[in-house]
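Everything below belongs to entry_36.txt, which stores compact mmCIF, C-alpha atoms.
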# COMPACT_ATOMS: atom_id res chain seq x y z
CA MET A 1 -23.05 2.25 -24.76
CA LYS A 2 -19.44 2.75 -23.67
CA LYS A 3 -16.58 0.31 -23.29
CA MET A 4 -14.73 0.96 -20.02
CA MET A 5 -11.43 -0.31 -18.67
CA ALA A 6 -10.78 -0.38 -14.91
CA LEU A 7 -7.37 -1.04 -13.36
CA GLY A 8 -7.47 -2.25 -9.78
CA LEU A 9 -4.93 -3.22 -7.17
CA ALA A 10 -6.12 -4.51 -3.81
CA VAL A 11 -3.98 -6.44 -1.39
CA VAL A 12 -4.86 -9.57 0.54
CA MET A 13 -2.60 -9.80 3.57
CA ALA A 14 -2.16 -12.57 6.09
CA MET A 15 -4.94 -11.01 8.14
CA ALA A 16 -7.24 -11.33 5.13
CA THR A 17 -7.82 -7.61 4.95
CA LEU A 18 -8.95 -6.07 1.70
CA THR A 19 -9.76 -2.47 1.00
CA GLY A 20 -12.36 -1.39 -1.50
CA CYS A 21 -14.85 1.31 -2.23
CA GLY A 22 -18.46 1.88 -1.28
CA SER A 23 -21.47 3.52 -2.84
CA SER A 24 -21.29 7.17 -3.79
CA ASP A 25 -23.45 9.76 -2.10
CA SER A 26 -25.41 10.27 -5.28
CA GLY A 27 -26.52 6.66 -5.31
CA LYS A 28 -24.50 5.90 -8.43
CA LYS A 29 -22.80 2.55 -8.61
CA THR A 30 -19.12 2.72 -7.66
CA ALA A 31 -16.00 1.44 -9.36
CA LYS A 32 -15.11 -1.89 -7.82
CA VAL A 33 -12.30 -3.99 -9.20
CA VAL A 34 -10.39 -6.71 -7.40
CA GLU A 35 -6.92 -8.18 -7.53
CA ILE A 36 -5.18 -10.47 -5.10
CA ASP A 37 -1.57 -9.44 -4.65
CA LEU A 38 0.30 -11.68 -2.25
CA THR A 39 3.90 -10.93 -3.14
CA SER A 40 4.42 -7.18 -3.25
CA GLU A 41 7.50 -5.63 -1.67
CA GLU A 42 5.23 -3.96 0.90
CA TYR A 43 3.54 -7.17 2.02
CA ALA A 44 6.17 -9.88 1.84
CA PHE A 45 5.39 -13.41 2.97
CA GLY A 46 8.79 -13.73 4.56
CA VAL A 47 9.73 -15.96 1.62
CA ASP A 48 12.18 -14.93 -1.06
CA LYS A 49 9.81 -14.15 -3.89
CA THR A 50 12.27 -15.44 -6.47
CA GLN A 51 12.09 -18.94 -5.01
CA PRO A 52 9.78 -21.66 -6.32
CA GLU A 53 8.48 -22.28 -2.80
CA LEU A 54 6.63 -18.99 -3.07
CA LEU A 55 4.13 -20.49 -5.46
CA ASP A 56 3.26 -23.15 -2.89
CA ALA A 57 2.87 -20.45 -0.24
CA VAL A 58 0.51 -18.51 -2.46
CA ASN A 59 -1.56 -21.55 -3.33
CA ASP A 60 -1.69 -22.66 0.31
CA PHE A 61 -2.83 -19.21 1.39
CA ILE A 62 -5.58 -19.12 -1.25
CA LYS A 63 -6.71 -22.56 -0.06
CA GLU A 64 -6.63 -21.45 3.58
CA ILE A 65 -8.71 -18.30 3.13
CA LYS A 66 -11.23 -20.27 1.09
CA GLU A 67 -11.55 -23.04 3.66
CA ASN A 68 -12.00 -20.74 6.66
CA GLY A 69 -14.50 -18.55 4.88
CA LYS A 70 -12.18 -15.57 4.65
CA LEU A 71 -12.54 -15.34 0.88
CA ASP A 72 -16.25 -14.65 1.24
CA GLU A 73 -15.49 -12.10 3.95
CA ILE A 74 -12.91 -10.42 1.74
CA CYS A 75 -15.27 -10.22 -1.21
CA ASN A 76 -18.14 -8.96 0.92
CA ASN A 77 -15.94 -6.22 2.35
CA TYR A 78 -14.65 -5.24 -1.06
CA PHE A 79 -17.84 -5.36 -3.07
CA GLY A 80 -20.10 -4.04 -0.33
CA ASP A 81 -23.70 -4.52 -1.36
CA GLY A 82 -22.68 -6.42 -4.47
CA THR A 83 -23.74 -3.67 -6.88
CA PRO A 84 -22.15 -3.65 -10.32
CA VAL A 85 -19.03 -1.68 -11.07
CA ALA A 86 -19.06 1.93 -12.23
CA VAL A 87 -16.79 4.94 -12.46
CA THR A 88 -16.18 8.06 -10.45
CA SER A 89 -17.85 10.23 -13.05
CA GLY A 90 -21.06 8.26 -12.50
CA THR A 91 -21.45 7.68 -16.22
CA TYR A 92 -21.35 3.89 -16.14
CA ASP A 93 -24.55 2.02 -16.91
CA ALA A 94 -24.16 -1.50 -15.56
CA ASN A 95 -26.90 -2.84 -17.79
CA LYS A 96 -25.63 -1.35 -21.04
CA ASP A 97 -21.95 -0.48 -20.80
CA GLN A 98 -19.18 -3.00 -21.22
CA LEU A 99 -16.46 -3.34 -18.58
CA VAL A 100 -12.92 -4.57 -19.15
CA VAL A 101 -11.08 -5.19 -15.87
CA ALA A 102 -7.27 -5.04 -15.99
CA THR A 103 -5.14 -6.25 -13.09
CA ASN A 104 -1.61 -5.20 -12.20
CA ALA A 105 -0.02 -7.39 -9.52
CA ALA A 106 3.13 -6.11 -7.85
CA PHE A 107 5.25 -9.06 -8.87
CA GLU A 108 6.60 -10.46 -12.09
CA PRO A 109 5.50 -13.87 -13.38
CA PHE A 110 8.41 -16.29 -13.09
CA GLU A 111 9.40 -19.15 -15.31
CA TYR A 112 8.66 -21.73 -12.64
CA MET A 113 5.05 -20.56 -12.42
CA GLU A 114 3.13 -23.08 -14.44
CA GLY A 115 0.32 -21.36 -16.32
CA GLU A 116 -2.37 -23.52 -14.75
CA ASN A 117 -1.18 -22.70 -11.22
CA TYR A 118 -0.93 -18.96 -11.75
CA LEU A 119 -4.19 -19.13 -13.61
CA GLY A 120 -5.84 -20.47 -10.48
CA ILE A 121 -5.43 -17.13 -8.72
CA ASP A 122 -7.03 -15.21 -11.58
CA MET A 123 -9.84 -17.74 -11.82
CA GLU A 124 -10.61 -17.18 -8.14
CA ILE A 125 -10.78 -13.43 -8.80
CA ALA A 126 -13.06 -13.92 -11.79
CA ALA A 127 -15.36 -16.26 -9.85
CA ALA A 128 -15.59 -13.89 -6.88
CA LEU A 129 -16.25 -10.93 -9.16
CA ALA A 130 -18.95 -12.83 -11.02
CA GLU A 131 -20.67 -13.83 -7.79
CA LYS A 132 -20.79 -10.27 -6.51
CA LEU A 133 -21.89 -8.77 -9.80
CA GLY A 134 -24.51 -11.40 -10.31
CA LYS A 135 -23.38 -11.94 -13.88
CA PRO A 136 -20.73 -13.98 -15.73
CA VAL A 137 -17.18 -12.63 -15.89
CA ASN A 138 -15.18 -13.79 -18.87
CA PHE A 139 -11.57 -14.27 -17.77
CA VAL A 140 -9.28 -14.38 -20.80
CA ALA A 141 -6.19 -16.53 -20.19
CA ASP A 142 -4.17 -14.60 -22.76
CA TYR A 143 -0.55 -14.29 -21.62
CA ASN A 144 -0.07 -11.57 -24.23
CA VAL A 145 -2.76 -9.72 -22.20
CA THR A 146 -4.05 -7.84 -25.27
CA GLY A 147 -3.49 -10.60 -27.82
CA GLU A 148 -5.92 -12.21 -30.22
CA ALA A 149 -7.89 -14.01 -27.51
CA ALA A 150 -8.37 -10.87 -25.43
CA THR A 151 -9.19 -8.70 -28.44
CA ALA A 152 -11.71 -11.23 -29.69
CA ALA A 153 -13.34 -11.47 -26.26
CA VAL A 154 -13.67 -7.70 -25.96
CA ASN A 155 -14.99 -7.31 -29.50
CA ALA A 156 -17.61 -9.95 -28.82
CA MET A 157 -18.95 -8.21 -25.69
CA ASN A 158 -22.64 -7.42 -25.49
CA GLU A 159 -24.33 -4.79 -23.34
CA GLY A 160 -23.47 -5.25 -19.66
CA ASP A 161 -20.72 -7.83 -20.26
CA VAL A 162 -17.57 -8.00 -18.11
CA VAL A 163 -14.16 -9.24 -19.26
CA LEU A 164 -11.19 -9.80 -16.94
CA LEU A 165 -7.82 -9.54 -18.68
CA GLN A 166 -4.67 -11.43 -17.76
CA ASN A 167 -2.26 -9.75 -15.32
CA THR A 168 -0.57 -6.92 -17.23
CA ARG A 169 2.80 -7.91 -15.74
CA PHE A 170 2.92 -10.78 -18.20
CA ARG A 171 4.03 -8.22 -20.77
CA GLY A 172 7.20 -7.73 -18.75
CA ALA A 173 9.23 -4.63 -19.65
CA GLU A 174 6.52 -3.45 -22.03
CA GLU A 175 4.35 -2.92 -18.95
CA THR A 176 6.95 -1.75 -16.43
CA LYS A 177 8.83 0.47 -18.92
CA ASN A 178 5.61 2.07 -20.18
CA GLY A 179 5.87 0.66 -23.69
CA GLU A 180 4.03 2.69 -26.35
CA GLU A 181 2.74 -0.34 -28.25
CA PHE A 182 1.31 -2.07 -25.20
CA SER A 183 -0.19 1.20 -23.94
CA LYS A 184 -1.99 1.66 -27.24
CA GLU A 185 -3.17 -1.96 -27.27
CA LEU A 186 -4.76 -1.45 -23.86
CA ALA A 187 -6.40 1.78 -24.97
CA ASP A 188 -7.78 0.08 -28.08
CA LEU A 189 -9.92 -2.07 -25.77
CA ALA A 190 -11.81 0.81 -24.12
CA ASP A 191 -13.29 4.29 -24.43
CA VAL A 192 -13.00 5.25 -20.74
CA TYR A 193 -10.15 4.38 -18.39
CA VAL A 194 -10.59 4.12 -14.59
CA CYS A 195 -7.52 3.92 -12.36
CA ASP A 196 -8.34 2.57 -8.91
CA ALA A 197 -4.92 1.05 -8.26
CA PHE A 198 -3.30 3.40 -5.74
CA GLY A 199 -0.71 0.76 -4.90
CA SER A 200 0.58 1.07 -8.47
CA SER A 201 -0.15 4.75 -9.04
CA HIS A 202 3.44 5.82 -8.33
CA ARG A 203 4.70 3.65 -11.18
CA ALA A 204 4.70 5.05 -14.71
CA HIS A 205 3.62 1.73 -16.19
CA ALA A 206 1.72 1.17 -19.39
CA SER A 207 -1.45 0.15 -17.55
CA VAL A 208 -1.18 3.14 -15.20
CA ALA A 209 0.06 6.07 -17.27
CA GLY A 210 0.77 5.08 -20.87
CA VAL A 211 -2.76 3.91 -21.63
CA THR A 212 -4.22 7.31 -20.69
CA LYS A 213 -2.41 9.13 -23.50
CA PHE A 214 -4.06 6.95 -26.11
CA ILE A 215 -7.45 7.08 -24.41
CA THR A 216 -7.25 10.88 -24.59
CA ALA A 217 -6.10 10.79 -28.22
CA LYS A 218 -9.22 8.86 -29.20
CA GLY A 219 -11.49 11.33 -27.38
CA GLY A 220 -12.00 9.15 -24.33
CA GLU A 221 -11.96 9.92 -20.61
CA ASN A 222 -9.44 9.05 -17.88
CA VAL A 223 -10.76 9.03 -14.32
CA VAL A 224 -9.83 7.79 -10.85
CA GLY A 225 -11.95 5.35 -8.87
CA TYR A 226 -13.36 5.91 -5.41
CA LEU A 227 -10.49 4.14 -3.66
CA MET A 228 -7.98 6.37 -5.47
CA GLN A 229 -10.03 9.45 -4.63
CA LYS A 230 -10.13 8.46 -0.97
CA GLU A 231 -6.35 8.08 -0.90
CA ILE A 232 -5.87 11.45 -2.58
CA ASN A 233 -8.25 13.15 -0.18
CA PHE A 234 -6.76 11.74 3.01
CA LEU A 235 -3.07 11.95 2.12
CA GLY A 236 -3.45 15.21 0.21
CA ASN A 237 -5.23 16.96 3.06
CA ALA A 238 -2.76 15.62 5.60
CA VAL A 239 0.20 17.03 3.71
CA GLU A 240 -1.22 20.23 2.25
CA ASP A 241 -4.00 21.33 4.60
CA PRO A 242 -3.85 19.39 7.89
CA VAL A 243 -5.89 20.19 10.96
CA ARG A 244 -3.25 21.14 13.51
CA PRO A 245 -1.39 20.11 15.56
CA PHE A 246 -0.08 17.75 12.85
CA VAL A 247 2.10 14.86 14.07
CA ALA A 248 4.02 12.65 11.64
CA ILE A 249 5.50 9.34 12.75
CA LEU A 250 8.20 7.63 10.69
CA GLY A 251 9.67 4.22 11.42
CA GLY A 252 11.06 1.28 9.55
CA ALA A 253 14.57 0.06 8.99
CA LYS A 254 16.38 2.51 6.72
CA VAL A 255 16.86 6.26 6.73
CA ALA A 256 17.64 6.07 3.00
CA ASP A 257 14.09 4.89 2.26
CA LYS A 258 12.62 8.04 3.75
CA LEU A 259 15.16 10.77 2.99
CA ASN A 260 12.83 13.09 1.11
CA VAL A 261 9.88 12.21 3.32
CA ILE A 262 11.71 13.39 6.43
CA SER A 263 12.70 16.68 4.83
CA ASN A 264 9.27 17.35 3.34
CA LEU A 265 7.33 16.45 6.49
CA LEU A 266 9.52 18.72 8.62
CA GLU A 267 8.19 21.59 6.52
CA LYS A 268 4.57 20.43 6.88
CA CYS A 269 4.14 18.95 10.36
CA ASP A 270 4.38 20.39 13.87
CA THR A 271 6.02 17.32 15.43
CA LEU A 272 8.05 14.60 13.70
CA ILE A 273 8.54 11.33 15.58
CA ILE A 274 11.30 8.93 14.54
CA GLY A 275 11.32 5.26 15.53
CA GLY A 276 12.32 1.88 14.18
CA GLY A 277 15.75 0.94 12.88
CA MET A 278 16.22 4.33 11.25
CA ALA A 279 16.25 6.02 14.66
CA TYR A 280 19.68 4.58 15.49
CA THR A 281 21.36 6.52 12.68
CA PHE A 282 19.92 9.69 14.23
CA LEU A 283 21.11 8.59 17.67
CA LYS A 284 24.61 7.94 16.36
CA ALA A 285 24.52 11.38 14.73
CA GLN A 286 23.89 12.75 18.23
CA GLY A 287 27.06 11.02 19.43
CA TYR A 288 25.45 8.10 21.30
CA GLU A 289 26.73 4.53 21.43
CA ILE A 290 24.25 2.35 19.51
CA GLY A 291 25.99 -1.02 19.85
CA LYS A 292 25.13 -3.50 17.09
CA SER A 293 21.97 -1.60 16.11
CA LEU A 294 21.10 -0.97 12.50
CA VAL A 295 22.88 2.11 11.18
CA ASP A 296 23.57 3.83 7.88
CA ASP A 297 26.92 5.59 8.34
CA THR A 298 26.54 7.33 4.98
CA LYS A 299 23.50 9.20 6.32
CA ILE A 300 24.99 10.53 9.56
CA ASP A 301 25.50 14.01 8.11
CA TYR A 302 21.99 13.95 6.63
CA CYS A 303 20.52 13.20 10.06
CA LYS A 304 22.47 16.10 11.51
CA GLU A 305 21.08 18.34 8.79
CA MET A 306 17.52 17.23 9.54
CA MET A 307 17.95 17.88 13.26
CA ALA A 308 19.30 21.35 12.46
CA LYS A 309 16.43 21.94 10.04
CA ALA A 310 13.86 21.01 12.70
CA GLU A 311 15.45 23.44 15.14
CA LYS A 312 15.56 26.22 12.54
CA LEU A 313 11.90 25.71 11.63
CA GLY A 314 10.82 25.51 15.25
CA LYS A 315 9.53 21.95 14.84
CA LYS A 316 9.68 19.20 17.44
CA LEU A 317 11.80 16.24 16.37
CA LEU A 318 11.32 13.38 18.84
CA LEU A 319 13.87 10.58 19.01
CA PRO A 320 13.99 7.50 21.30
CA VAL A 321 15.18 8.09 24.87
CA ASP A 322 15.42 4.37 25.65
CA SER A 323 15.63 1.17 23.66
CA VAL A 324 14.71 -2.51 23.94
CA THR A 325 17.88 -4.44 23.12
CA ILE A 326 18.82 -8.02 22.29
CA ALA A 327 22.10 -9.95 22.17
CA ASP A 328 21.36 -11.76 18.90
CA PHE A 329 18.63 -11.43 16.30
CA PRO A 330 15.97 -14.16 16.65
CA ASN A 331 15.80 -16.90 14.05
CA PRO A 332 13.06 -17.39 13.04
CA ILE A 333 12.03 -13.79 13.47
CA ASP A 334 9.19 -14.58 15.90
CA ALA A 335 11.25 -16.90 18.10
CA PRO A 336 11.46 -16.20 21.86
CA VAL A 337 14.15 -13.67 22.69
CA GLU A 338 15.56 -12.20 25.90
CA VAL A 339 15.61 -8.41 26.07
CA GLU A 340 17.16 -5.68 28.18
CA VAL A 341 16.07 -2.04 28.21
CA TYR A 342 18.67 0.73 28.26
CA ASP A 343 18.52 4.49 28.08
CA VAL A 344 20.06 5.70 24.82
CA THR A 345 22.75 7.41 26.87
CA ASN A 346 24.25 4.10 28.05
CA MET A 347 23.55 1.36 25.50
CA PRO A 348 26.18 -1.42 25.67
CA ALA A 349 28.38 -1.94 22.63
CA ASP A 350 27.42 -5.62 22.38
CA ARG A 351 23.62 -5.11 22.27
CA GLU A 352 21.28 -4.41 19.35
CA GLY A 353 18.30 -2.07 19.62
CA CYS A 354 15.15 -3.63 18.13
CA ASP A 355 12.29 -1.60 19.60
CA ILE A 356 11.62 1.68 21.34
CA GLY A 357 11.64 1.43 25.13
CA PRO A 358 8.75 2.12 27.53
CA LYS A 359 9.83 5.71 28.24
CA THR A 360 9.91 6.45 24.52
CA ALA A 361 6.56 4.77 23.99
CA GLU A 362 5.06 7.01 26.66
CA LEU A 363 6.72 10.10 25.16
CA TYR A 364 5.36 9.32 21.69
CA ALA A 365 1.88 8.49 23.00
CA GLU A 366 1.75 11.85 24.77
CA ALA A 367 2.64 13.63 21.53
CA VAL A 368 -0.16 11.81 19.71
CA LYS A 369 -2.71 12.79 22.37
CA THR A 370 -2.34 16.47 21.52
CA ALA A 371 -2.61 15.96 17.75
CA LYS A 372 -5.54 16.64 15.43
CA THR A 373 -3.90 14.94 12.42
CA VAL A 374 -1.50 11.98 12.59
CA VAL A 375 0.28 10.27 9.70
CA TRP A 376 2.21 7.09 10.50
CA ASN A 377 4.55 5.23 8.16
CA GLY A 378 6.82 2.50 9.51
CA PRO A 379 6.81 0.35 12.69
CA MET A 380 8.71 1.25 15.85
CA GLY A 381 10.56 -2.04 16.05
CA VAL A 382 10.61 -5.65 14.90
CA PHE A 383 6.84 -5.95 15.29
CA GLU A 384 6.79 -9.46 13.79
CA ASN A 385 8.21 -10.68 17.11
CA PRO A 386 5.74 -10.40 20.02
CA THR A 387 8.51 -9.44 22.46
CA LEU A 388 9.72 -6.65 20.17
CA ALA A 389 6.30 -5.37 19.16
CA LYS A 390 5.45 -3.45 22.33
CA GLY A 391 6.59 -0.09 21.00
CA THR A 392 4.58 -0.46 17.82
CA ILE A 393 1.57 -1.61 19.86
CA ALA A 394 1.89 1.43 22.13
CA VAL A 395 1.90 3.82 19.18
CA ALA A 396 -0.99 1.99 17.49
CA LYS A 397 -2.96 2.07 20.74
CA ALA A 398 -2.31 5.81 21.10
CA LEU A 399 -3.62 6.41 17.58
CA ALA A 400 -6.64 4.19 18.24
CA GLU A 401 -7.57 6.20 21.34
CA THR A 402 -7.18 9.69 19.88
CA ASP A 403 -9.92 11.77 18.29
CA ALA A 404 -7.47 12.95 15.64
CA THR A 405 -7.64 11.99 11.99
CA THR A 406 -5.26 9.02 11.80
CA ILE A 407 -3.71 7.96 8.51
CA ILE A 408 -1.62 4.81 8.15
CA GLY A 409 0.76 5.02 5.22
CA GLY A 410 0.54 1.47 3.93
CA GLY A 411 3.40 -1.04 3.89
CA ASP A 412 4.57 -2.43 7.22
CA SER A 413 2.51 0.13 9.14
CA ALA A 414 -0.67 -1.22 7.57
CA ALA A 415 0.45 -4.78 8.21
CA ALA A 416 1.18 -3.89 11.84
CA VAL A 417 -2.16 -2.26 12.65
CA ASN A 418 -3.99 -5.11 10.96
CA GLN A 419 -1.92 -7.78 12.66
CA LEU A 420 -2.26 -6.09 16.04
CA GLY A 421 -6.02 -5.58 15.73
CA PHE A 422 -6.21 -1.78 15.49
CA ALA A 423 -7.29 -1.42 11.86
CA ASP A 424 -10.91 -0.52 12.57
CA LYS A 425 -9.80 2.31 14.87
CA MET A 426 -7.90 4.21 12.15
CA SER A 427 -9.41 6.90 9.93
CA HIS A 428 -7.65 5.63 6.83
CA ILE A 429 -5.21 2.84 5.99
CA SER A 430 -3.48 3.41 2.69
CA THR A 431 -3.37 0.54 0.20
CA GLY A 432 0.03 1.56 -1.16
CA GLY A 433 3.25 1.61 0.85
CA GLY A 434 5.50 2.95 -1.90
CA ALA A 435 2.80 5.19 -3.32
CA SER A 436 1.96 6.74 0.04
CA LEU A 437 5.64 7.41 0.73
CA GLU A 438 6.04 9.22 -2.58
CA PHE A 439 2.86 11.16 -1.87
CA LEU A 440 4.28 12.21 1.50
CA GLU A 441 7.48 13.23 -0.24
CA GLY A 442 5.43 15.68 -2.26
CA LYS A 443 5.92 13.84 -5.54
CA GLU A 444 3.32 13.78 -8.27
CA LEU A 445 2.09 10.23 -8.87
CA PRO A 446 1.81 9.19 -12.54
CA GLY A 447 -1.53 7.49 -11.94
CA VAL A 448 -2.96 10.68 -10.44
CA VAL A 449 -1.40 13.14 -12.89
CA ALA A 450 -2.80 11.22 -15.85
CA ALA A 451 -6.43 11.41 -14.67
CA ASP A 452 -8.79 14.05 -16.02
CA ASP A 453 -10.90 14.27 -12.84
CA LYS A 454 -8.48 14.14 -9.90
I need this file expressed as structure tokens, please.
Amino acid sequence: MKKMMALGLAVVMAMATLTGCGSSDSGKKTAKVVEIDLTSEEYAFGVDKTQPELLDAVNDFIKEIKENGKLDEICNNYFGDGTPVAVTSGTYDANKDQLVVATNAAFEPFEYMEGENYLGIDMEIAAALAEKLGKPVNFVADYNVTGEAATAAVNAMNEGDVVLLQNTRFRGAEETKNGEEFSKELADLADVYVCDAFGSSHRAHASVAGVTKFITAKGGENVVGYLMQKEINFLGNAVEDPVRPFVAILGGAKVADKLNVISNLLEKCDTLIIGGGMAYTFLKAQGYEIGKSLVDDTKIDYCKEMMAKAEKLGKKLLLPVDSVTIADFPNPIDAPVEVEVYDVTNMPADREGCDIGPKTAELYAEAVKTAKTVVWNGPMGVFENPTLAKGTIAVAKALAETDATTIIGGGDSAAAVNQLGFADKMSHISTGGGASLEFLEGKELPGVVAADDK
């Protein structure tokens, strides 16, 4: 009998989409752990997460998905046939082994969060997990996470028992700064550690990386779950061994967020497409008037370097040829707005570009049609507004209609394809915006490096 700890991070978005893992080919039970994360940087609610109103938004959303049956749908999608949890190595015996589930939400607990309110989210997770496993799940409301209550609960486990720990973020800096003491306390609760939290795998936290050192020291095993393995397979193959032609699409607001990604992908892909707010810094680097459009003047020289690099390497670097512009940014963001389309060669100084234009959308769609592998990270415009979402829709539609392997790099791209109804047409939608970006940069992720079986 082994005692196993599984760390999971799954994201419930406004579209009630949840990713999980299925049964392995060998018929072994798969690692399935669940966490509801409503406030990550990648999937913001449009509410300042440091404000007390956020708690009401979270509670209202939980209530909404329960009332409309979405919670059942989420759990069914995530747990599949409802089989008990297991690990990638296939060594977990659901009837004999003991499972400790650790959760790592992408937000810090705040002082205004009353324990009973925050507890409600974890109780929902425990109840859903218990229903799908067909056995009780003992949720330990221990805000020390590995304190006396948690230790006692784990020590009292019988064969086949499941314990859900409190969110590891309640240990604050001890978690996020990879504290040695907390790492060891987590490891003391298990013999085998399973990381299935890709959305946290780029963070060297105690529950991601630190715990593995102490598991190894006690002769235990560190493995990745099936969701993690799927992410590694799709993103790893796309970057290191893609089926060509390989097209990469980058969007979003800031060039600074994707500096290393742009440089690394230029060395890997055949065609690099730039859209979103970041495109206007490139356009300004080309000498064009961009009006009131988003720009990072400190990155003008960098954009010039990337354009020169693409030319030197013989790679296609596609930039917008026309733009959908507005006079003033809508407030709220989805409010009706009047637009005018201009070629990038004659954009007025008093207009702001907020989406790629129809000519650009057609240009990008044509590039996608010839691809065998496509990686997309970042929307083409302000997709939250229906009037400014047409460019993003066009790119999503092009990906949905191609026979290529299509990989969506989490974050706003994942939110966009889900919101626009194209999710089921994509080969893979990553569960980690920040993690997928770092993967595309060529960085080693702490949660992957620490595993024995990656």
What separation in Å, quoted to one decimal, exists between CA of Asn237 in chain A and CA of Leu250 in chain A?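 About the pair CA of Asn237 in chain A and CA of Leu250 in chain A: they are 18.0 Å apart.
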Assuming 8 Å of padding per side, give the centre and edge lengths of the axis-aligned box around every listed atom of range 172-191 of chain A, in Å to one decimal and as lines of an AutoDock Vina configuration file.
center_x = -2.0
center_y = -1.7
center_z = -22.3
size_x = 38.5
size_y = 28.0
size_z = 27.8
Please write as a list in words the list of polymer residues whose atoms come within 6 Å of (-7.7, -4.0, -23.4), counting all atoms listed in the file and keeping to the coordinates of the file.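 The residues that fall inside the cut-off are Thr146, Leu186 and Leu189 of chain A.
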Which residues come within 12 Å of Asp297 in chain A, counting all atoms listed in the file, excluding same-chain residues fewer than 2 positions away, as number ranges by chain? A: 254-256, 278, 280-285, 290, 293-295, 299-304
Given only C-alpha atoms as the basis, pick out the residue of A:Glu148, A:Asp452, A:Asp161, A:Asp188 nearest to Lys135 in chain A.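 Of all the options, A:Asp161 lies closest to Lys135 in chain A.
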Just checking: using all atoms listed in the file, which residue out of A:Cys354, A:Ala253, A:Leu445, A:Ile273 ends up closest to Asp412 in chain A?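 Looking only at the distances to Asp412 in chain A, the closest residue turns out to be A:Ala253.
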Close residues, range 228-236 of chain A itself excluded, 8 Å, all atoms listed in the file, min 6 positions apart in chain, as a list of chain:residue names: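 Residues meeting the cut-off are A:Cys195, A:Asp196, A:Ala197, A:Phe198, A:Ile407, A:His428, A:Ser430, A:Ser436, A:Phe439, A:Leu440, A:Lys454.
Counting all atoms listed in the file, the residue from A:Thr325, A:Lys443, A:Tyr364, A:Gly433 that sits nearest to Thr387 in chain A is A:Thr325.
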What's the separation between CA of Ala127 in chain A and CA of Ile215 in chain A, in Å to one decimal place?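 Result for CA of Ala127 in chain A versus CA of Ile215 in chain A: 28.6 Å, one decimal.
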Could you state the separation of CA of Ile274 in chain A and CA of Ala394 in chain A in Å, given to one decimal place?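 These atoms are spaced 14.2 Å apart.
Counting all atoms listed in the file, the residue from A:Gly225, A:Ala327, A:Lys425, A:Asn138 that sits nearest to Asn158 in chain A is A:Asn138.
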A:Lys315, A:Leu363, A:Ala153, A:Ala400 ranked by distance to Ser263 in chain A, top pick (using only C-alpha atoms): A:Lys315
Restricting the calculation to all atoms listed in the file: of A:Thr373, A:Leu164, A:Val448, A:Leu129, which residue gets closest to Asp241 in chain A? A:Thr373
Since the input is missing atoms for range 313-324 of chain A, could you rebuild it with N, CA and C atoms and give the result as a short mmCIF file (atom, residue, chain, number, x, y, z; two decimals), in the coordinates of the input?
data_model
loop_
_atom_site.label_atom_id
_atom_site.label_comp_id
_atom_site.auth_asym_id
_atom_site.auth_seq_id
_atom_site.Cartn_x
_atom_site.Cartn_y
_atom_site.Cartn_z
N LEU A 313 13.32 25.51 11.95
CA LEU A 313 11.90 25.71 11.63
C LEU A 313 11.02 25.77 12.87
N GLY A 314 11.61 25.51 14.02
CA GLY A 314 10.82 25.51 15.25
C GLY A 314 9.92 24.30 15.38
N LYS A 315 10.32 23.17 14.78
CA LYS A 315 9.53 21.95 14.84
C LYS A 315 10.10 21.00 15.90
N LYS A 316 9.23 20.22 16.50
CA LYS A 316 9.68 19.20 17.44
C LYS A 316 10.11 17.96 16.67
N LEU A 317 11.31 17.49 16.94
CA LEU A 317 11.80 16.24 16.37
C LEU A 317 12.07 15.29 17.54
N LEU A 318 11.20 14.30 17.71
CA LEU A 318 11.32 13.38 18.84
C LEU A 318 12.06 12.12 18.44
N LEU A 319 13.09 11.78 19.22
CA LEU A 319 13.87 10.58 19.01
C LEU A 319 13.78 9.70 20.26
N PRO A 320 14.07 8.40 20.13
CA PRO A 320 13.99 7.50 21.30
C PRO A 320 14.88 7.97 22.45
N VAL A 321 14.38 7.80 23.67
CA VAL A 321 15.18 8.09 24.87
C VAL A 321 15.61 6.79 25.55
N ASP A 322 14.98 5.67 25.17
CA ASP A 322 15.42 4.37 25.65
C ASP A 322 15.11 3.33 24.58
N SER A 323 15.73 2.18 24.71
CA SER A 323 15.63 1.17 23.66
C SER A 323 15.57 -0.23 24.24
N VAL A 324 14.77 -1.09 23.60
CA VAL A 324 14.71 -2.51 23.94
C VAL A 324 15.80 -3.20 23.14
#
